[in-house]
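Student: So that we are looking at the same thing, I have put the structure below in structure tokens.
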Amino acid sequence: MRILLFIILIIQSTLSHCQGGWTWTSLNYMPESVTNNAIASAIVNDTTFVYSFFGLDANKQWSGMHSKAFRYNTISQIWDVLPPVPDSLGGVVAASASTLQNKIYLIGGYKAYEDGHEISSTQLHIFDPVNNTYSPGANVPIEIDDHVHFTFGDSLIYIIAGWTSSVGNFGGYTNAVQIYNVNTNTWTAGTPVPNNSNYTAFGATGTLTGNTIYYIGGARSSSFTLSNNLRKGIINPNDPTDISWSIEDTNPGDKIYRGAVINVGSKLFCIGGSAVPYNYDGLAYSDGSGVEPAYRILEYNSFSELWAEHTSTPIGKMDLRGLAKIDDYNFIQAGGMEGEQVVSNRPFLLTFDPSYISITDSLNISVANPSGQIAFRIHPNPVSDMLHFEQTFGEKIPFEIYNTNCSRVLTGKLVWGKSSFSVADLPNGIYTIVCNSFRSRFVVEH
């Protein structure tokens with residue numbers, strides 16, 4: 001028992017600008033307040049919807065864990081109530097929602113009971129956004145909750161570490177990596193994370209960029225202390241179960257519990273969370289005091305390996321199970337706990353400015369893939385006339401160039417190998433190129 005151990009056509013209000021390049025926009029309120037809910041997005045008839053499944057109601061009692069589902073239309077800005085998830089536990093928290101092939105896969109979570117014991121779930125529910133129906137998927141081999149999750153390619157969902165009630169009398173950490181194939185409805189085991197407190201954790205959060213896994217924070221060890229490790233895993237593209245694990249870096253700021261990590265190009269952003277581990281009611285495991293959310297966005301640049309901490313965000317949110325991706329620069333956060341452990345019904349659109357230039361940005365102008373081959377390169381830098389590209393992403397890869405006023409000044413498509421474009425008409429200054437997962441600055445000097 002852990003108690004012991006779009007996009008948006010009409011906006012309501014923009015709360016803050018330039019918190020690490022992010023703008024927060026308040027959206028129409030959810031039908032109910034909910035926290036520790038699993039959220040994801042999917043497209044129906046060319047409209048992007050955001051979905052919330054499971055969670056805990058505003059009373060924050062064990063009996064308030066539910067299987068309710070809600071849907072937000074990003075065009076009409078209307079929330080709908082959907083049929084509840086047909087979960088045999090009657091509703092859970094700390095589950096995950098992942099979208100692949102326009103289906104949403106709800107995995108794991110845990111149910112708490114009046115006597116204090118908890119059960120991790122083995123269930124997998126497949127939600128069809130077109131028909132608003134559920135179907136069962138193959139059970140998770142190791143019952144799991146509070147895990148890291150992400151998708152890889154067009155068919156795999158990774159479930160990493162977390163908590164399981166299958167260990168000991170009261171449950172415990174797992175170092176398992178469980179991989180679900182949506183095409184075959186089967187599970188396989190990936191290379192587990194090292195079985196020590198540097199890696200095992202629950203309430204950690206992570207993402208995937210390319211074939212590189214990053215996950216950060218979470219509670220570890222028998223005393224539920226928080227980790228400040230940024231762990232890294234390299235997936236072998238020829239064998240997705242083969243993962244090479246290492247500690248990438250140490251977060252220099254406050255530690256993170258139940259935050260949400262997303263990536264935009266080479267940058268990882270951790271939104272909210274808390275610096276103290278707590279139970280589902282928002283009270284600290286250590287002494288039962290109320291825990292407060294972090295008012296910050298933590299940024300890590302995987303090119304330069306540098307950190308930046310953007311404080312004083314307009315809203316602090318903890319108890320998050322991810323953000324719903326709308327496109328490369330827009331994400332929606334819905335639910336969670338705000339200050340004084342208030343369960344929230346206030347969703348927010350988080351928009352990243354692609355021309356944002358942080359002091360931590362790398363000046364690198366080339367990227368190599370794991371085999372050492374150049375995946376993207378621009379030269380010369382500075383440039384006065386012709387900007388040359390080398391890329392091995394594929395044929396007809398789109399790129400965009402922005403100036404420091406956030407205006408898009410040039411677009412085009414790159415062929416495999418070498419391409420060149422004139423920048424002779426661009427004024428002198430600093431520009432940002434965005435191509436696939438690559439983003440970098442270059443200088444025009446005539």
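Simple scheme: letters A, B, ... for chains in structure tokens order, numbers from 1 for residues in each chain, numbers from 1 for ligands in the order shown.
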Contacts of stretch 316-332 of chain A at 9 Å or less, counting only C-alpha atoms, minus same-chain residues fewer than 6 places along, as an mmCIF file with N, CA, C and O atoms, in the first residue's frame?

Tutor:
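The resulting file, result.cif, is reproduced below:
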```
data_model
loop_
_atom_site.group_PDB
_atom_site.id
_atom_site.type_symbol
_atom_site.label_atom_id
_atom_site.label_comp_id
_atom_site.auth_asym_id
_atom_site.auth_seq_id
_atom_site.Cartn_x
_atom_site.Cartn_y
_atom_site.Cartn_z
ATOM 1 N N PHE A 6 -7.390 22.699 -35.608
ATOM 2 C CA PHE A 6 -7.744 23.525 -34.715
ATOM 3 C C PHE A 6 -7.447 24.824 -35.064
ATOM 4 O O PHE A 6 -8.297 25.471 -35.401
ATOM 5 N N ILE A 7 -6.853 25.032 -34.997
ATOM 6 C CA ILE A 7 -7.042 24.546 -33.642
ATOM 7 C C ILE A 7 -8.205 25.260 -32.923
ATOM 8 O O ILE A 7 -9.303 25.012 -33.302
ATOM 9 N N THR A 35 -8.956 14.321 -11.722
ATOM 10 C CA THR A 35 -7.506 14.306 -11.631
ATOM 11 C C THR A 35 -6.977 12.898 -11.839
ATOM 12 O O THR A 35 -7.719 11.920 -11.722
ATOM 13 N N ASN A 36 -5.682 12.817 -12.164
ATOM 14 C CA ASN A 36 -5.025 11.533 -12.432
ATOM 15 C C ASN A 36 -5.750 10.765 -13.527
ATOM 16 O O ASN A 36 -5.845 9.542 -13.503
ATOM 17 N N ASN A 37 -6.274 11.509 -14.496
ATOM 18 C CA ASN A 37 -7.011 10.939 -15.616
ATOM 19 C C ASN A 37 -6.084 10.725 -16.801
ATOM 20 O O ASN A 37 -5.102 11.443 -16.975
ATOM 21 N N ALA A 38 -6.406 9.749 -17.607
ATOM 22 C CA ALA A 38 -5.624 9.457 -18.813
ATOM 23 C C ALA A 38 -6.214 10.243 -19.970
ATOM 24 O O ALA A 38 -7.424 10.185 -20.220
ATOM 25 N N ILE A 39 -5.362 11.004 -20.691
ATOM 26 C CA ILE A 39 -5.880 11.794 -21.801
ATOM 27 C C ILE A 39 -5.112 11.491 -23.074
ATOM 28 O O ILE A 39 -3.954 11.073 -23.051
ATOM 29 N N ALA A 40 -5.792 11.713 -24.193
ATOM 30 C CA ALA A 40 -5.211 11.469 -25.515
ATOM 31 C C ALA A 40 -6.051 12.235 -26.527
ATOM 32 O O ALA A 40 -7.103 12.795 -26.199
ATOM 33 N N SER A 41 -5.593 12.250 -27.766
ATOM 34 C CA SER A 41 -6.338 12.896 -28.842
ATOM 35 C C SER A 41 -6.540 11.907 -29.983
ATOM 36 O O SER A 41 -5.802 10.934 -30.128
ATOM 37 N N ALA A 42 -7.565 12.191 -30.795
ATOM 38 C CA ALA A 42 -7.835 11.390 -31.989
ATOM 39 C C ALA A 42 -8.631 12.259 -32.960
ATOM 40 O O ALA A 42 -9.184 13.296 -32.572
ATOM 41 N N THR A 48 -10.159 17.276 -34.681
ATOM 42 C CA THR A 48 -9.383 16.705 -33.586
ATOM 43 C C THR A 48 -10.178 16.809 -32.289
ATOM 44 O O THR A 48 -10.674 17.889 -31.934
ATOM 45 N N PHE A 49 -10.280 15.687 -31.593
ATOM 46 C CA PHE A 49 -10.938 15.622 -30.292
ATOM 47 C C PHE A 49 -9.908 15.260 -29.228
ATOM 48 O O PHE A 49 -8.946 14.533 -29.494
ATOM 49 N N VAL A 50 -10.143 15.770 -28.032
ATOM 50 C CA VAL A 50 -9.336 15.404 -26.866
ATOM 51 C C VAL A 50 -10.206 14.578 -25.937
ATOM 52 O O VAL A 50 -11.372 14.921 -25.685
ATOM 53 N N TYR A 51 -9.635 13.492 -25.415
ATOM 54 C CA TYR A 51 -10.396 12.538 -24.607
ATOM 55 C C TYR A 51 -9.800 12.418 -23.210
ATOM 56 O O TYR A 51 -8.580 12.442 -23.038
ATOM 57 N N THR A 74 -12.218 20.350 -30.554
ATOM 58 C CA THR A 74 -11.338 21.516 -30.628
ATOM 59 C C THR A 74 -11.854 22.590 -31.575
ATOM 60 O O THR A 74 -11.346 23.713 -31.562
ATOM 61 N N ALA A 94 -4.167 6.663 -12.505
ATOM 62 C CA ALA A 94 -2.799 6.335 -12.920
ATOM 63 C C ALA A 94 -2.740 5.361 -14.085
ATOM 64 O O ALA A 94 -1.781 4.604 -14.222
ATOM 65 N N ALA A 95 -3.777 5.376 -14.936
ATOM 66 C CA ALA A 95 -3.742 4.616 -16.185
ATOM 67 C C ALA A 95 -3.066 5.466 -17.260
ATOM 68 O O ALA A 95 -2.707 6.622 -17.036
ATOM 69 N N SER A 96 -2.907 4.908 -18.445
ATOM 70 C CA SER A 96 -2.347 5.658 -19.562
ATOM 71 C C SER A 96 -3.250 5.521 -20.772
ATOM 72 O O SER A 96 -3.979 4.528 -20.915
ATOM 73 N N ALA A 97 -3.207 6.542 -21.631
ATOM 74 C CA ALA A 97 -3.956 6.524 -22.882
ATOM 75 C C ALA A 97 -2.992 6.840 -24.017
ATOM 76 O O ALA A 97 -2.299 7.856 -23.981
ATOM 77 N N ASP A 146 0.894 3.961 -12.781
ATOM 78 C CA ASP A 146 1.866 5.053 -12.596
ATOM 79 C C ASP A 146 3.124 4.835 -13.434
ATOM 80 O O ASP A 146 4.238 5.141 -13.002
ATOM 81 N N GLY A 203 5.267 7.195 -10.976
ATOM 82 C CA GLY A 203 4.996 8.628 -11.084
ATOM 83 C C GLY A 203 6.032 9.365 -11.893
ATOM 84 O O GLY A 203 6.042 10.599 -11.920
ATOM 85 N N THR A 205 7.717 10.366 -15.643
ATOM 86 C CA THR A 205 7.078 10.742 -16.905
ATOM 87 C C THR A 205 8.125 10.772 -18.004
ATOM 88 O O THR A 205 9.301 11.029 -17.743
ATOM 89 N N GLY A 206 7.717 10.480 -19.241
ATOM 90 C CA GLY A 206 8.702 10.384 -20.307
ATOM 91 C C GLY A 206 8.107 10.535 -21.677
ATOM 92 O O GLY A 206 6.891 10.682 -21.857
ATOM 93 N N TYR A 257 7.407 14.771 -9.755
ATOM 94 C CA TYR A 257 6.505 13.652 -9.506
ATOM 95 C C TYR A 257 5.180 13.945 -10.205
ATOM 96 O O TYR A 257 4.589 15.006 -10.021
ATOM 97 N N ARG A 258 4.734 13.023 -11.016
ATOM 98 C CA ARG A 258 3.468 13.113 -11.739
ATOM 99 C C ARG A 258 3.332 14.431 -12.505
ATOM 100 O O ARG A 258 2.324 15.127 -12.410
ATOM 101 N N GLY A 259 4.392 14.750 -13.258
ATOM 102 C CA GLY A 259 4.313 15.823 -14.231
ATOM 103 C C GLY A 259 4.004 15.240 -15.596
ATOM 104 O O GLY A 259 3.659 14.056 -15.736
ATOM 105 N N ALA A 260 4.115 16.066 -16.639
ATOM 106 C CA ALA A 260 3.878 15.609 -18.007
ATOM 107 C C ALA A 260 5.026 16.069 -18.880
ATOM 108 O O ALA A 260 5.385 17.246 -18.866
ATOM 109 N N VAL A 261 5.627 15.139 -19.631
ATOM 110 C CA VAL A 261 6.736 15.473 -20.520
ATOM 111 C C VAL A 261 6.275 15.368 -21.972
ATOM 112 O O VAL A 261 5.614 14.398 -22.359
ATOM 113 N N ILE A 262 6.627 16.376 -22.755
ATOM 114 C CA ILE A 262 6.421 16.338 -24.201
ATOM 115 C C ILE A 262 7.714 16.766 -24.868
ATOM 116 O O ILE A 262 8.588 17.361 -24.232
ATOM 117 N N ASN A 263 7.845 16.461 -26.140
ATOM 118 C CA ASN A 263 9.026 16.904 -26.870
ATOM 119 C C ASN A 263 8.612 17.683 -28.110
ATOM 120 O O ASN A 263 7.624 17.365 -28.771
ATOM 121 N N VAL A 264 9.344 18.750 -28.356
ATOM 122 C CA VAL A 264 9.191 19.535 -29.573
ATOM 123 C C VAL A 264 10.568 19.577 -30.207
ATOM 124 O O VAL A 264 11.468 20.258 -29.727
ATOM 125 N N GLY A 265 10.752 18.802 -31.270
ATOM 126 C CA GLY A 265 12.065 18.697 -31.868
ATOM 127 C C GLY A 265 13.056 18.113 -30.887
ATOM 128 O O GLY A 265 12.823 17.066 -30.274
ATOM 129 N N ILE A 271 6.065 19.654 -17.863
ATOM 130 C CA ILE A 271 5.042 20.592 -17.439
ATOM 131 C C ILE A 271 4.545 20.196 -16.050
ATOM 132 O O ILE A 271 4.088 19.077 -15.830
ATOM 133 N N GLY A 272 4.632 21.133 -15.101
ATOM 134 C CA GLY A 272 4.012 20.934 -13.801
ATOM 135 C C GLY A 272 4.584 19.790 -12.999
ATOM 136 O O GLY A 272 5.783 19.547 -12.973
ATOM 137 N N GLY A 273 3.685 19.032 -12.339
ATOM 138 C CA GLY A 273 4.108 18.015 -11.392
ATOM 139 C C GLY A 273 4.320 18.632 -10.019
ATOM 140 O O GLY A 273 3.945 19.787 -9.763
ATOM 141 N N SER A 274 4.929 17.872 -9.139
ATOM 142 C CA SER A 274 5.224 18.376 -7.793
ATOM 143 C C SER A 274 6.631 17.951 -7.402
ATOM 144 O O SER A 274 7.215 17.053 -7.998
ATOM 145 N N TYR A 280 -2.951 9.497 -3.664
ATOM 146 C CA TYR A 280 -3.946 9.948 -4.635
ATOM 147 C C TYR A 280 -4.765 11.146 -4.153
ATOM 148 O O TYR A 280 -5.348 11.871 -4.951
ATOM 149 N N GLY A 282 -3.542 13.821 -2.751
ATOM 150 C CA GLY A 282 -2.741 15.031 -2.758
ATOM 151 C C GLY A 282 -1.987 15.283 -1.475
ATOM 152 O O GLY A 282 -1.367 16.344 -1.317
ATOM 153 N N GLU A 292 1.836 20.922 -2.989
ATOM 154 C CA GLU A 292 1.524 21.962 -3.960
ATOM 155 C C GLU A 292 2.171 21.645 -5.318
ATOM 156 O O GLU A 292 3.244 21.044 -5.377
ATOM 157 N N PRO A 293 1.521 22.066 -6.406
ATOM 158 C CA PRO A 293 2.093 21.821 -7.735
ATOM 159 C C PRO A 293 3.223 22.785 -8.048
ATOM 160 O O PRO A 293 3.359 23.842 -7.415
ATOM 161 N N ALA A 294 4.018 22.430 -9.029
ATOM 162 C CA ALA A 294 5.110 23.289 -9.501
ATOM 163 C C ALA A 294 4.571 24.270 -10.536
ATOM 164 O O ALA A 294 3.868 23.878 -11.461
ATOM 165 N N TYR A 295 4.928 25.546 -10.362
ATOM 166 C CA TYR A 295 4.565 26.581 -11.329
ATOM 167 C C TYR A 295 5.772 26.800 -12.240
ATOM 168 O O TYR A 295 6.450 27.818 -12.171
ATOM 169 N N ARG A 296 6.031 25.842 -13.084
ATOM 170 C CA ARG A 296 7.208 25.953 -13.938
ATOM 171 C C ARG A 296 7.122 24.989 -15.108
ATOM 172 O O ARG A 296 6.341 24.038 -15.120
ATOM 173 N N GLU A 338 -4.742 21.511 -8.907
ATOM 174 C CA GLU A 338 -4.166 22.839 -8.824
ATOM 175 C C GLU A 338 -3.729 23.109 -7.381
ATOM 176 O O GLU A 338 -3.633 22.183 -6.573
ATOM 177 N N GLY A 339 -3.438 24.358 -7.057
ATOM 178 C CA GLY A 339 -2.989 24.698 -5.715
ATOM 179 C C GLY A 339 -3.983 24.288 -4.645
ATOM 180 O O GLY A 339 -5.196 24.242 -4.870
ATOM 181 N N GLN A 341 -4.430 21.427 -3.523
ATOM 182 C CA GLN A 341 -4.945 20.105 -3.897
ATOM 183 C C GLN A 341 -6.373 20.151 -4.440
ATOM 184 O O GLN A 341 -7.158 19.210 -4.274
ATOM 185 N N SER A 344 -9.144 19.840 -10.602
ATOM 186 C CA SER A 344 -9.412 20.860 -11.612
ATOM 187 C C SER A 344 -10.396 20.400 -12.675
ATOM 188 O O SER A 344 -10.402 19.235 -13.074
ATOM 189 N N PRO A 347 -9.296 23.121 -18.400
ATOM 190 C CA PRO A 347 -8.300 22.688 -19.391
ATOM 191 C C PRO A 347 -7.576 23.890 -19.992
ATOM 192 O O PRO A 347 -8.084 25.024 -19.964
ATOM 193 N N PHE A 348 -6.395 23.626 -20.543
ATOM 194 C CA PHE A 348 -5.594 24.680 -21.150
ATOM 195 C C PHE A 348 -4.987 24.183 -22.458
ATOM 196 O O PHE A 348 -4.566 23.029 -22.562
ATOM 197 N N LEU A 349 -4.954 25.081 -23.427
ATOM 198 C CA LEU A 349 -4.202 24.858 -24.646
ATOM 199 C C LEU A 349 -2.810 25.425 -24.444
ATOM 200 O O LEU A 349 -2.652 26.600 -24.117
ATOM 201 N N LEU A 350 -1.788 24.596 -24.612
ATOM 202 C CA LEU A 350 -0.398 25.032 -24.528
ATOM 203 C C LEU A 350 0.160 25.081 -25.942
ATOM 204 O O LEU A 350 0.168 24.070 -26.650
ATOM 205 N N THR A 351 0.606 26.273 -26.346
ATOM 206 C CA THR A 351 1.100 26.494 -27.705
ATOM 207 C C THR A 351 2.557 26.906 -27.646
ATOM 208 O O THR A 351 2.912 27.843 -26.924
ATOM 209 N N PHE A 352 3.382 26.208 -28.420
ATOM 210 C CA PHE A 352 4.807 26.518 -28.467
ATOM 211 C C PHE A 352 5.107 27.382 -29.676
ATOM 212 O O PHE A 352 4.657 27.097 -30.789
ATOM 213 N N ASP A 353 5.880 28.431 -29.459
ATOM 214 C CA ASP A 353 6.300 29.320 -30.524
ATOM 215 C C ASP A 353 7.507 28.696 -31.218
ATOM 216 O O ASP A 353 8.584 28.621 -30.631
ATOM 217 N N PRO A 354 7.389 28.241 -32.474
ATOM 218 C CA PRO A 354 8.495 27.528 -33.124
ATOM 219 C C PRO A 354 9.712 28.399 -33.389
ATOM 220 O O PRO A 354 10.790 27.877 -33.662
#
```

Student: Stretch 1-250 of chain A: which residues are strand (DSSP E) by DSSP, as a PyMOL selection string?

Tutor: chain A and resi 13-19+22-26+38-44+47-56+65-73+79-82+96-100+103-107+110-112+118-120+124-128+133-136+148-152+156-160+163-164+172-173+177-181+186-190+205-209+212-216+219-220+225-226+229-236+239-250

Student: Using only C-alpha atoms, find the one residue out of A:Asn403, A:Thr191, A:Ser266, A:Gln178 that sits nearest to A:Thr207.

Tutor: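 For A:Thr207, the nearest of the candidates is A:Ser266.
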
Student: Show which residues sit within 8 Å of A:Glu299, as a ChimeraX atom specification. Count only C-alpha atoms, and ignore same-chain residues fewer than 3 positions away.

Tutor: /A:20,267-270,307-310

Student: With distances taken over only C-alpha atoms, which residue among A:Ile159, A:Val423, A:Val93, A:Leu82 lies nearest A:Asn279?

Tutor: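 For A:Asn279, the nearest of the candidates is A:Val93.
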
Student: Leaving out stretch 129-136 of chain A and any residue of its chain fewer than 3 positions from it, which residues lie within 7 Å of it when counting only C-alpha atoms, given as a list in words?

Tutor: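 My list of contacting residues is Ala42, Val44, Lys103, Leu124, His125 and Ile126 of chain A.
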